[in-house]
$ cat start16.tsv   # TSV, C-alpha atoms
chain	number	residue	atom	x	y	z
A	1	MET	CA	186.57	125.19	117.87
A	2	GLU	CA	187.41	125.15	114.18
A	3	GLU	CA	190.05	127.04	112.27
A	4	LYS	CA	188.23	130.02	110.65
A	5	ASN	CA	189.90	133.13	109.30
A	6	ASN	CA	186.89	134.95	107.83
A	7	MET	CA	185.48	136.36	111.05
A	8	THR	CA	183.65	139.61	111.52
A	9	ALA	CA	184.82	142.14	114.13
A	10	GLU	CA	181.78	141.24	116.24
A	11	ARG	CA	182.64	137.55	116.14
A	12	SER	CA	186.25	138.30	117.19
A	13	LEU	CA	185.05	140.36	120.10
A	14	GLU	CA	182.56	137.63	121.02
A	15	ILE	CA	185.37	135.02	121.12
A	16	ILE	CA	187.59	137.24	123.29
A	17	THR	CA	184.74	138.02	125.72
A	18	LYS	CA	183.54	134.42	125.85
A	19	GLN	CA	187.03	133.00	126.41
A	20	ILE	CA	187.93	135.49	129.14
A	21	GLU	CA	184.60	134.92	130.91
A	22	GLN	CA	184.88	131.13	130.55
A	23	SER	CA	188.41	131.21	131.95
A	24	ARG	CA	187.34	133.46	134.84
A	25	GLN	CA	184.58	131.01	135.70
A	26	ALA	CA	186.91	128.00	135.54
A	27	VAL	CA	189.40	129.73	137.83
A	28	ALA	CA	186.66	130.85	140.24
A	29	LYS	CA	185.29	127.30	140.38
A	30	ASP	CA	188.76	125.89	141.04
A	31	THR	CA	189.41	128.39	143.86
A	32	GLY	CA	185.92	127.66	145.20
A	33	ILE	CA	186.63	123.92	145.36
A	34	SER	CA	189.92	124.55	147.19
A	35	LEU	CA	188.27	126.84	149.74
A	36	TYR	CA	185.32	124.49	150.20
A	37	VAL	CA	187.61	121.51	150.82
A	38	ALA	CA	189.90	123.52	153.14
A	39	GLY	CA	186.89	124.76	155.12
A	40	LEU	CA	185.46	121.27	155.41
A	41	CYS	CA	188.80	119.84	156.61
A	42	LEU	CA	189.29	122.63	159.14
A	43	ILE	CA	185.76	122.19	160.52
A	44	ALA	CA	186.31	118.44	160.87
A	45	MET	CA	189.73	118.98	162.48
A	46	SER	CA	188.57	121.65	164.93
A	47	LEU	CA	185.64	119.52	166.08
A	48	LEU	CA	187.86	116.44	166.34
A	49	ILE	CA	190.52	118.34	168.32
A	50	GLY	CA	187.79	119.84	170.52
A	51	LEU	CA	186.39	116.37	171.25
A	52	CYS	CA	189.87	114.93	171.91
A	53	ILE	CA	190.57	117.69	174.46
A	54	PHE	CA	187.10	117.26	175.96
A	55	PHE	CA	187.61	113.54	176.53
A	56	THR	CA	191.30	113.56	177.53
A	57	ASN	CA	191.83	117.06	178.98
A	58	ASN	CA	195.15	117.04	177.16
A	59	MET	CA	195.97	120.45	175.64
A	60	ALA	CA	198.70	118.90	173.47
A	61	PHE	CA	195.95	118.07	170.95
A	62	TYR	CA	196.00	121.76	169.98
A	63	LEU	CA	199.32	121.06	168.29
A	64	LEU	CA	197.39	119.04	165.69
A	65	TYR	CA	196.34	122.37	164.13
A	66	ILE	CA	199.92	122.72	162.88
A	67	ALA	CA	199.35	119.59	160.80
A	68	SER	CA	196.09	120.92	159.28
A	69	PRO	CA	197.67	121.77	155.86
A	70	ILE	CA	198.38	118.05	155.31
A	71	PRO	CA	194.76	116.75	155.13
A	72	ILE	CA	193.77	119.94	153.27
A	73	TYR	CA	196.46	119.29	150.63
A	74	PHE	CA	195.43	115.66	150.09
A	75	ALA	CA	191.70	116.42	150.12
A	76	ASP	CA	192.26	119.19	147.56
A	77	ARG	CA	194.23	116.82	145.33
A	78	TYR	CA	191.49	114.21	145.66
A	79	ALA	CA	188.74	116.73	144.82
A	80	LYS	CA	190.62	117.82	141.69
A	81	ARG	CA	191.76	114.39	140.50
A	82	ASN	CA	191.52	113.76	136.73
A	83	LYS	CA	191.02	117.49	136.13
A	84	PRO	CA	193.51	119.66	134.20
A	85	LYS	CA	195.44	122.08	136.37
A	86	VAL	CA	193.72	125.44	136.38
A	87	PRO	CA	195.95	128.54	136.39
A	88	ALA	CA	195.75	130.78	139.43
A	89	SER	CA	193.76	133.99	139.11
A	90	PHE	CA	194.58	137.24	140.88
A	91	VAL	CA	191.54	136.86	143.16
A	92	GLY	CA	192.36	133.22	143.89
A	93	GLN	CA	195.97	134.11	144.66
A	94	MET	CA	194.86	136.93	146.96
A	95	VAL	CA	192.53	134.59	148.87
A	96	ASP	CA	195.26	131.91	149.08
A	97	LYS	CA	197.89	134.39	150.27
A	98	THR	CA	195.56	135.84	152.90
A	99	TRP	CA	195.00	132.38	154.41
A	100	GLN	CA	198.70	131.54	154.11
A	101	THR	CA	199.57	134.74	155.98
A	102	PHE	CA	196.96	133.94	158.62
A	103	GLY	CA	198.37	130.41	158.94
A	104	ILE	CA	201.96	131.64	159.37
A	105	PHE	CA	201.03	134.29	161.96
A	106	ALA	CA	198.64	132.02	163.88
A	107	VAL	CA	201.02	129.05	164.03
A	108	LEU	CA	204.11	131.11	164.96
A	109	PHE	CA	202.16	133.05	167.58
A	110	PHE	CA	200.71	129.83	168.98
A	111	VAL	CA	204.14	128.17	169.19
A	112	PHE	CA	205.64	131.26	170.85
A	113	VAL	CA	202.79	131.50	173.39
A	114	THR	CA	202.99	127.78	174.19
A	115	LEU	CA	206.74	128.01	174.85
A	116	TYR	CA	206.33	131.27	176.80
A	117	ASN	CA	203.57	129.80	178.99
A	118	LEU	CA	205.62	126.65	179.58
A	119	LEU	CA	208.66	128.73	180.60
A	120	MET	CA	206.63	130.99	182.88
A	121	GLY	CA	204.83	128.00	184.36
A	122	HIS	CA	208.15	126.47	185.36
A	123	THR	CA	209.98	129.59	186.53
A	124	GLU	CA	207.29	131.68	188.22
A	125	SER	CA	205.02	131.04	191.18
A	126	PRO	CA	201.38	130.10	190.31
A	127	ASP	CA	200.12	133.60	191.28
A	128	VAL	CA	202.61	135.38	189.03
A	129	TYR	CA	202.10	132.79	186.28
A	130	MET	CA	198.34	133.43	186.26
A	131	ARG	CA	199.05	137.13	185.60
A	132	LEU	CA	201.78	136.59	183.01
A	133	MET	CA	200.08	133.80	181.11
A	134	ILE	CA	199.01	134.67	177.56
A	135	HIS	CA	195.73	133.30	176.20
A	136	PRO	CA	196.44	132.67	172.50
A	137	PHE	CA	192.87	131.99	171.45
A	138	ARG	CA	191.65	135.59	171.53
A	139	ILE	CA	194.50	136.81	169.29
A	140	ILE	CA	193.99	133.89	166.89
A	141	LEU	CA	190.28	134.78	166.68
A	142	LEU	CA	191.24	138.38	165.93
A	143	LEU	CA	193.60	137.22	163.16
A	144	PHE	CA	190.89	134.87	161.85
A	145	GLY	CA	188.41	137.75	161.72
A	146	MET	CA	190.96	139.93	159.91
A	147	ALA	CA	191.57	137.23	157.30
A	148	ILE	CA	187.82	136.80	156.73
A	149	THR	CA	187.38	140.58	156.40
A	150	ILE	CA	190.23	140.91	153.87
A	151	ASN	CA	188.77	138.01	151.87
A	152	GLY	CA	185.37	139.68	152.02
A	153	TYR	CA	186.87	142.79	150.39
A	154	THR	CA	188.73	140.67	147.83
A	155	LEU	CA	185.59	138.70	146.91
A	156	LYS	CA	183.45	141.86	147.10
A	157	SER	CA	181.15	140.29	149.66
A	158	ARG	CA	179.81	142.77	152.17
A	159	TRP	CA	178.27	140.15	154.47
A	160	MET	CA	181.63	138.39	154.69
A	161	VAL	CA	183.33	141.66	155.65
A	162	TRP	CA	180.83	142.12	158.46
A	163	CYS	CA	181.07	138.47	159.54
A	164	GLY	CA	184.85	138.92	159.77
A	165	ILE	CA	184.61	142.12	161.79
A	166	ILE	CA	181.90	140.82	164.13
A	167	GLY	CA	183.47	137.37	164.43
A	168	GLY	CA	187.01	138.70	165.00
A	169	ILE	CA	186.27	141.60	167.34
A	170	GLY	CA	183.35	139.79	168.98
A	171	GLY	CA	185.45	136.69	169.54
A	172	PHE	CA	188.29	138.79	170.94
A	173	ILE	CA	185.96	140.57	173.40
A	174	TRP	CA	184.20	137.27	174.23
A	175	GLU	CA	187.51	135.63	175.10
A	176	SER	CA	188.99	138.72	176.84
A	177	PHE	CA	186.06	138.86	179.26
A	178	TYR	CA	186.09	135.08	179.79
A	179	VAL	CA	182.47	134.79	178.71
A	180	THR	CA	182.79	131.06	177.96
A	181	GLN	CA	184.34	130.40	181.37
A	182	THR	CA	181.66	132.48	183.12
A	183	ILE	CA	178.77	130.74	181.35
A	184	VAL	CA	180.19	127.23	181.72
A	185	GLY	CA	181.19	128.02	185.33
A	186	ARG	CA	177.52	128.49	186.18
A	187	PHE	CA	176.85	124.85	185.40
A	188	PHE	CA	179.85	123.39	187.20
A	189	SER	CA	180.59	124.18	190.83
A	190	SER	CA	184.35	123.70	190.60
A	191	TYR	CA	186.81	125.24	188.10
A	192	ILE	CA	188.94	122.14	188.29
A	193	ASN	CA	185.99	119.95	187.32
A	194	GLU	CA	187.07	117.79	184.36
A	195	ASN	CA	183.95	118.57	182.34
A	196	TYR	CA	184.43	122.32	182.90
A	197	CYS	CA	188.02	122.17	181.60
A	198	GLY	CA	187.04	119.98	178.67
A	199	ILE	CA	184.20	122.27	177.58
A	200	VAL	CA	186.10	125.55	178.10
A	201	ASN	CA	189.40	124.43	176.59
A	202	GLY	CA	188.19	121.90	174.05
A	203	LEU	CA	184.58	121.95	172.92
A	204	ILE	CA	183.80	125.70	172.84
A	205	PRO	CA	187.04	126.76	171.06
A	206	GLY	CA	186.51	123.87	168.62
A	207	ILE	CA	182.95	125.01	167.86
A	208	ILE	CA	184.04	128.68	167.50
A	209	ILE	CA	186.84	127.75	165.06
A	210	ALA	CA	184.46	125.46	163.14
A	211	LEU	CA	181.93	128.29	162.90
A	212	LEU	CA	184.54	130.77	161.68
A	213	ALA	CA	185.93	128.22	159.22
A	214	PHE	CA	182.40	127.74	157.89
A	215	ILE	CA	181.77	131.49	157.48
A	216	GLY	CA	185.28	132.46	156.39
A	217	ILE	CA	186.43	129.56	154.23
A	218	MET	CA	183.65	127.14	153.33
A	219	LEU	CA	180.91	129.67	152.49
A	220	PRO	CA	183.17	131.78	150.22
A	221	GLY	CA	184.13	128.51	148.51
A	222	MET	CA	180.47	127.67	147.95
A	223	MET	CA	179.86	131.21	146.70
A	224	LEU	CA	182.70	131.01	144.19
A	225	LYS	CA	181.53	127.59	143.00
A	226	LYS	CA	177.98	128.92	142.61
A	227	GLN	CA	179.12	132.10	140.79
A	228	SER	CA	180.94	130.00	138.23
A	229	LEU	CA	177.89	127.93	137.28
B	1	MET	CA	191.24	153.94	106.61
B	2	PHE	CA	190.90	150.83	108.74
B	3	PRO	CA	193.96	149.35	110.42
B	4	THR	CA	194.72	145.82	109.25
B	5	LEU	CA	193.89	143.03	111.64
B	6	ASP	CA	196.80	140.77	112.56
B	7	PRO	CA	196.19	137.66	110.38
B	8	LEU	CA	197.83	135.44	112.98
B	9	LEU	CA	195.30	136.47	115.61
B	10	HIS	CA	192.36	136.72	113.21
B	11	SER	CA	191.54	133.03	113.53
B	12	GLU	CA	189.00	131.61	115.97
B	13	LEU	CA	191.21	129.11	117.73
B	14	ARG	CA	194.37	131.24	117.89
B	15	LEU	CA	192.35	134.18	119.17
B	16	ALA	CA	190.73	131.94	121.79
B	17	ILE	CA	194.16	130.68	122.93
B	18	MET	CA	195.51	134.22	123.20
B	19	SER	CA	192.38	135.44	125.06
B	20	LEU	CA	192.81	132.59	127.50
B	21	LEU	CA	196.47	133.38	128.09
B	22	ILE	CA	195.73	137.10	128.45
B	23	SER	CA	193.57	136.41	131.49
B	24	ASP	CA	195.55	133.51	132.96
B	25	VAL	CA	199.16	134.46	131.99
B	26	GLU	CA	200.12	130.79	131.73
B	27	ALA	CA	198.17	127.60	131.19
B	28	GLU	CA	198.75	123.92	130.65
B	29	PHE	CA	197.87	122.21	127.37
B	30	PRO	CA	194.96	120.08	128.75
B	31	TYR	CA	193.40	123.18	130.31
B	32	ILE	CA	193.58	125.11	126.99
B	33	LYS	CA	192.15	122.06	125.19
B	34	GLU	CA	189.24	121.85	127.64
B	35	GLN	CA	188.50	125.58	127.54
B	36	THR	CA	188.65	125.97	123.76
B	37	GLY	CA	187.03	122.63	122.95
B	38	ALA	CA	189.60	122.06	120.20
B	39	THR	CA	191.15	118.74	119.22
B	40	ALA	CA	194.66	118.04	120.49
B	41	GLY	CA	196.11	117.94	116.96
B	42	ASN	CA	194.55	121.22	115.82
B	43	LEU	CA	195.45	122.93	119.07
B	44	SER	CA	199.03	121.75	118.82
B	45	VAL	CA	199.37	123.16	115.28
B	46	GLN	CA	197.92	126.56	116.30
B	47	ILE	CA	200.13	126.74	119.40
B	48	ASP	CA	203.18	126.05	117.23
B	49	LYS	CA	202.15	128.91	114.90
B	50	LEU	CA	201.78	131.32	117.81
B	51	ALA	CA	205.08	130.16	119.29
B	52	ALA	CA	206.85	130.59	115.92
B	53	ALA	CA	205.69	134.24	115.87
B	54	ASP	CA	206.98	134.63	119.45
B	55	TYR	CA	203.47	135.45	120.67
B	56	ILE	CA	203.61	132.66	123.22
B	57	LYS	CA	206.36	130.63	124.84
B	58	VAL	CA	205.94	126.89	125.06
B	59	GLU	CA	207.67	125.03	127.85
B	60	LYS	CA	207.76	121.24	127.71
B	61	SER	CA	208.59	119.26	130.81
B	62	PHE	CA	207.51	116.17	132.73
B	63	LYS	CA	205.17	115.82	135.72
B	64	GLY	CA	206.26	112.49	137.07
B	65	LYS	CA	206.04	110.27	134.01
B	66	LYS	CA	203.48	112.40	132.19
B	67	PRO	CA	204.56	115.07	129.68
B	68	CYS	CA	203.49	118.59	130.63
B	69	THR	CA	203.24	121.49	128.16
B	70	ILE	CA	202.88	124.99	129.59
B	71	CYS	CA	202.06	127.98	127.40
B	72	ARG	CA	202.89	131.52	128.44
B	73	ILE	CA	202.13	134.79	126.70
B	74	THR	CA	205.20	136.88	125.76
B	75	PRO	CA	205.47	140.70	125.75
B	76	THR	CA	205.35	140.53	121.92
B	77	GLY	CA	202.13	138.53	122.13
B	78	LEU	CA	200.67	140.94	124.63
B	79	LYS	CA	201.46	143.91	122.40
B	80	ALA	CA	200.03	142.12	119.33
B	81	PHE	CA	196.84	141.32	121.23
B	82	GLU	CA	196.47	144.93	122.42
B	83	ASP	CA	196.95	146.19	118.85
B	84	TYR	CA	194.42	143.64	117.60
B	85	VAL	CA	191.80	144.80	120.14
B	86	LYS	CA	192.51	148.45	119.27
B	87	ALA	CA	192.02	147.66	115.58
B	88	LEU	CA	188.79	145.80	116.38
B	89	LYS	CA	187.53	148.82	118.30
B	90	SER	CA	188.05	151.09	115.30
B	91	TYR	CA	185.97	148.68	113.17
B	92	LEU	CA	183.18	148.61	115.74
B	93	ASP	CA	183.20	152.39	116.37
B	94	VAL	CA	182.36	153.12	112.75
B	95	LYS	CA	179.42	150.73	112.77

$ encode --input "start16.tsv" --output "structure tokens"
Amino acid sequence: MEEKNNMTAERSLEIITKQIEQSRQAVAKDTGISLYVAGLCLIAMSLLIGLCIFFTNNMAFYLLYIASPIPIYFADRYAKRNKPKVPASFVGQMVDKTWQTFGIFAVLFFVFVTLYNLLMGHTESPDVYMRLMIHPFRIILLLFGMAITINGYTLKSRWMVWCGIIGGIGGFIWESFYVTQTIVGRFFSSYINENYCGIVNGLIPGIIIALLAFIGIMLPGMMLKKQSL
Amino acid sequence: MFPTLDPLLHSELRLAIMSLLISDVEAEFPYIKEQTGATAGNLSVQIDKLAAADYIKVEKSFKGKKPCTICRITPTGLKAFEDYVKALKSYLDVK
């Protein structure tokens, strides 16, 4: 852009409009890349954690979700290497904050439930424990659905709003009525069968989280990237 | 009677910088350079002019070993930009 002082009013307005639009697109693309990378990492992690639980039957692998911001951070930095830092837009900040809020609530709730279940498991009899035990997955799915819905409103995407509502509420109902356990139970005669436990506690939750991460994080990222082209 | 257009903003590059900062609030020098397509030298001169008029605030720091220049719009700059757009509107309304 050259230094010109003899512009017409139309040209001035054209520069303002062009620059604002160009900046909006750059910011949207940057947010899109971040969401795309975060979605991809979360899908990979959820499937990996699901497989680890399936093969080892060790629920401690769930704790790896707490470390999920680390690969996301490094993958994001790698995806944006050699690119100038793009300022945050209001929409981008809203999307970021929504996922941050979801992350804080989901992790704290998960830690609380794990400790609570451990305590109850040690202090109460198995019968009482089975009644007192909290299943964290259904609440996390509800929170996930809420975050997707809020992002759908922020990004003005009606299908995302509906995906969030159906995914969140549907997932909550699905888990509350033990649909996974019922379906998988039909294929395995015993509830203490290793494959049953691995599928119910590892594979299915991993696939559900991967699916929600695809709809709620990766697809919006692709949409934002596409909008900015 | 037409209102006079702010001569400091009535320049392609300075107007582009201000438009960029209006939407993004703050931006780093390489980002402004990429978005405006200006040369580093020319951009630097125009940023200095805007900073001298207190339209923008320039913050120089280091990111590791690399120098980092961040530009932010000031309330004076915001007001000047609003007045400039208002003046532009009056020109366009007549036409």

$ atom_distance --input "start16.tsv" --atom1 "CA of Phe81 (chain B)" --atom2 "CA of Leu9 (chain B)"
7.6 Å

$ closest_atom_pairs --input "start16.tsv" --of "region 136-216 of chain A" --to "region 48-51 of chain A" --cutoff "8 Å" --atoms "all atoms listed in the file" --output "tab-separated table"
residue	atom	partner	partner_atom	distance
A:Asn201	CA	A:Gly50	CA	7.8
A:Gly202	CA	A:Gly50	CA	4.1
A:Leu203	CA	A:Gly50	CA	4.5
A:Ile204	CA	A:Gly50	CA	7.5
A:Pro205	CA	A:Gly50	CA	7.0
A:Gly206	CA	A:Gly50	CA	4.6
A:Ile207	CA	A:Gly50	CA	7.6

$ residues_around --input "start16.tsv" --residues "region 68-73 of chain B" --least-positions-apart "5" --cutoff "8 Å" --atoms "all atoms listed in the file" --output "ChimeraX atom specification"
/B:18,21-22,25-29,55-63,78

$ interface_residues --input "start16.tsv" --of "chain B" --to "chain A" --cutoff "10 Å" --atoms "only C-alpha atoms" --output "mmCIF file with C-alpha atoms, in the coordinates of the input"
data_model
loop_
_atom_site.group_PDB
_atom_site.id
_atom_site.type_symbol
_atom_site.label_atom_id
_atom_site.label_comp_id
_atom_site.auth_asym_id
_atom_site.auth_seq_id
_atom_site.Cartn_x
_atom_site.Cartn_y
_atom_site.Cartn_z
ATOM 1 C CA LEU B 5 193.890 143.030 111.640
ATOM 2 C CA PRO B 7 196.190 137.660 110.380
ATOM 3 C CA LEU B 8 197.830 135.440 112.980
ATOM 4 C CA LEU B 9 195.300 136.470 115.610
ATOM 5 C CA HIS B 10 192.360 136.720 113.210
ATOM 6 C CA SER B 11 191.540 133.030 113.530
ATOM 7 C CA GLU B 12 189.000 131.610 115.970
ATOM 8 C CA LEU B 13 191.210 129.110 117.730
ATOM 9 C CA ARG B 14 194.370 131.240 117.890
ATOM 10 C CA LEU B 15 192.350 134.180 119.170
ATOM 11 C CA ALA B 16 190.730 131.940 121.790
ATOM 12 C CA ILE B 17 194.160 130.680 122.930
ATOM 13 C CA MET B 18 195.510 134.220 123.200
ATOM 14 C CA SER B 19 192.380 135.440 125.060
ATOM 15 C CA LEU B 20 192.810 132.590 127.500
ATOM 16 C CA LEU B 21 196.470 133.380 128.090
ATOM 17 C CA ILE B 22 195.730 137.100 128.450
ATOM 18 C CA SER B 23 193.570 136.410 131.490
ATOM 19 C CA ASP B 24 195.550 133.510 132.960
ATOM 20 C CA VAL B 25 199.160 134.460 131.990
ATOM 21 C CA GLU B 26 200.120 130.790 131.730
ATOM 22 C CA ALA B 27 198.170 127.600 131.190
ATOM 23 C CA GLU B 28 198.750 123.920 130.650
ATOM 24 C CA PHE B 29 197.870 122.210 127.370
ATOM 25 C CA PRO B 30 194.960 120.080 128.750
ATOM 26 C CA TYR B 31 193.400 123.180 130.310
ATOM 27 C CA ILE B 32 193.580 125.110 126.990
ATOM 28 C CA LYS B 33 192.150 122.060 125.190
ATOM 29 C CA GLU B 34 189.240 121.850 127.640
ATOM 30 C CA GLN B 35 188.500 125.580 127.540
ATOM 31 C CA THR B 36 188.650 125.970 123.760
ATOM 32 C CA GLY B 37 187.030 122.630 122.950
ATOM 33 C CA ALA B 38 189.600 122.060 120.200
ATOM 34 C CA THR B 39 191.150 118.740 119.220
ATOM 35 C CA ASN B 42 194.550 121.220 115.820
ATOM 36 C CA LEU B 43 195.450 122.930 119.070
ATOM 37 C CA GLN B 46 197.920 126.560 116.300
ATOM 38 C CA TYR B 84 194.420 143.640 117.600
ATOM 39 C CA VAL B 85 191.800 144.800 120.140
ATOM 40 C CA ALA B 87 192.020 147.660 115.580
ATOM 41 C CA LEU B 88 188.790 145.800 116.380
ATOM 42 C CA LYS B 89 187.530 148.820 118.300
ATOM 43 C CA SER B 90 188.050 151.090 115.300
ATOM 44 C CA TYR B 91 185.970 148.680 113.170
ATOM 45 C CA LEU B 92 183.180 148.610 115.740
#

$ atom_distance --input "start16.tsv" --atom1 "CA of Ile169 (chain A)" --atom2 "CA of Val91 (chain A)"
25.2 Å

$ atom_distance --input "start16.tsv" --atom1 "CA of Lys29 (chain A)" --atom2 "CA of Gly92 (chain A)"
9.9 Å

$ residues_around --input "start16.tsv" --residues "Ala213 (chain A)" --least-positions-apart "4" --cutoff "9 Å" --atoms "only C-alpha atoms" --output "VMD selection string"
chain A and resid 38 to 40 42 to 43 144 208 to 209 217 to 219

$ residues_around --input "start16.tsv" --residues "region 159-163 of chain A" --least-positions-apart "5" --cutoff "8 Å" --atoms "only C-alpha atoms" --output "number ranges by chain"
A: 145, 148-153, 215-216

$ write_last_selection --input "start16.tsv" --atoms "C-alpha atoms" --output "PDB file, in the frame of the given file"
ATOM      1  CA  GLY A 145     188.410 137.750 161.720  1.00  0.00           C
ATOM      2  CA  ILE A 148     187.820 136.800 156.730  1.00  0.00           C
ATOM      3  CA  THR A 149     187.380 140.580 156.400  1.00  0.00           C
ATOM      4  CA  ILE A 150     190.230 140.910 153.870  1.00  0.00           C
ATOM      5  CA  ASN A 151     188.770 138.010 151.870  1.00  0.00           C
ATOM      6  CA  GLY A 152     185.370 139.680 152.020  1.00  0.00           C
ATOM      7  CA  TYR A 153     186.870 142.790 150.390  1.00  0.00           C
ATOM      8  CA  ILE A 215     181.770 131.490 157.480  1.00  0.00           C
ATOM      9  CA  GLY A 216     185.280 132.460 156.390  1.00  0.00           C
TER      10      GLY A 216
END

$ closest_residue --input "start16.tsv" --among "A:Asp96, A:Glu175, A:Asp30, A:Asp127" --to "Ile140 (chain A)" --atoms "only C-alpha atoms"
A:Glu175

$ closest_residue --input "start16.tsv" --among "A:Ser34, A:Thr56, A:Thr98, A:Asn117" --to "Tyr73 (chain A)" --atoms "only C-alpha atoms"
A:Ser34

$ closest_residue --input "start16.tsv" --among "B:Thr4, B:Ala40, B:Ala53, B:Val45" --to "Gly77 (chain B)" --atoms "only C-alpha atoms"
B:Ala53
